[in-house]
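Q: Pasting in a structure now, in structure tokens, and then I'll have a few things to ask.
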Amino acid sequence: MPAIKSLRTVKLGALAAIVLLFVIIHLINPAFLPHICGLLARGDIQETAGYIASFGSGALIFSFLLTLFVNALGFPPAIIFSTANTLIFGIFWGIVLSVVAETVGVAFSFIILRFYFREAAAKIISRNKTLSNLDKYSGSRGFVVMLIARMVPYFPSVMLNAIGALSAMKFRDYVIASLVGKFPSTGIEAIIGHDAITKQEDPTRMIVVIIFAVILIVGAWLYERHEQRKLAEK
């Protein structure tokens with residue numbers, strides 16, 4: 001009982017710290033949070049790119065933190081920020097920045113969701129045999145499943161964050177799978193967005209990236225199928 005009360009106290013303290021952070025930001029700059037909320041709600045890529053670029057030498061850090069926050073939240077779609085980053089920092093560095101920031105963001109989401117909701121989810125899962133089997137599978141094969149899912153462009157990140165955090169998947173597997181898997185999906189999304197906005201007529205780059213991503217996804221899927229067959233034969 002004391003341990004449960006202590007855990008509740010820690011959870012309340014963590015929540016209070018998050019709220020306090022937003023209060024401090026508001027006190028420092030009252031216009032900042034409303035402006036960011038409006039920016040996120042509108043989802044205008046060029047407006048987002050212009051706002052990030054307005055921070056000058058601090059644009060890189062601000063973009064990293066903004067992309068991180070959005071991916072931890074799971075809304076709005078990450079393509080807005082990955083595309084904005086390519087417009088500001090170029091295709092290569094824009095994608096690298098986006099992938100790293102997105103990975104850190106979904107890692108934070110994993111930690112928060114698991115800390116607050118995994119215990120309740122585990123109780124529900126334990127009462128259902130199918131859910132229990134899926135939970136065990138996520139613990140042993142979660143890396144490949146998350147890797148394939150992260151590779152798919154436009155797949156809702158918030159759903160994958162919740163699946164990873166509320167299952168038995170290991171944090172290390174979740175982070176590595178997210179980092180590797182996000183390169184092809186983020187690359188496709190960012191390049192399509194970049195070329196659409198800048199009105200690129202040559203589709204070669206886009207075609208190459210899409211073919212590369214398809215090869216990775218199919219390869220990972222075939223590997224998982226092969227491993228499942230090996231397990232079934234044992």
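Here, A, B, ... name the chains of the structure tokens in the order displayed, residue numbers run from 1 inside each chain, and ligands are numbered from 1 in the same displayed order.
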What are the nearest atom pairs, with distances in Å to one decimal, for all residues of stretch 134-185 of chain A that come at most 8 Å from stretch 58-82 of chain A, using only C-alpha atoms, set out by chain and rising residue number as a tab-separated table?
A:
```
residue	atom	partner	partner_atom	distance
A:Tyr154	CA	A:Ile79	CA	8.0
A:Pro156	CA	A:Pro77	CA	7.7
A:Ser157	CA	A:Gly74	CA	5.9
A:Val158	CA	A:Gly74	CA	4.5
```
Q: Can you tell me which residues surround A:Phe212 at a distance of at most 12 Å, considering only C-alpha atoms, apart from same-chain residues fewer than 2 positions away, and format the answer as a PyMOL selection string?
A: chain A and resi 151+183-185+187-188+205-210+214-219
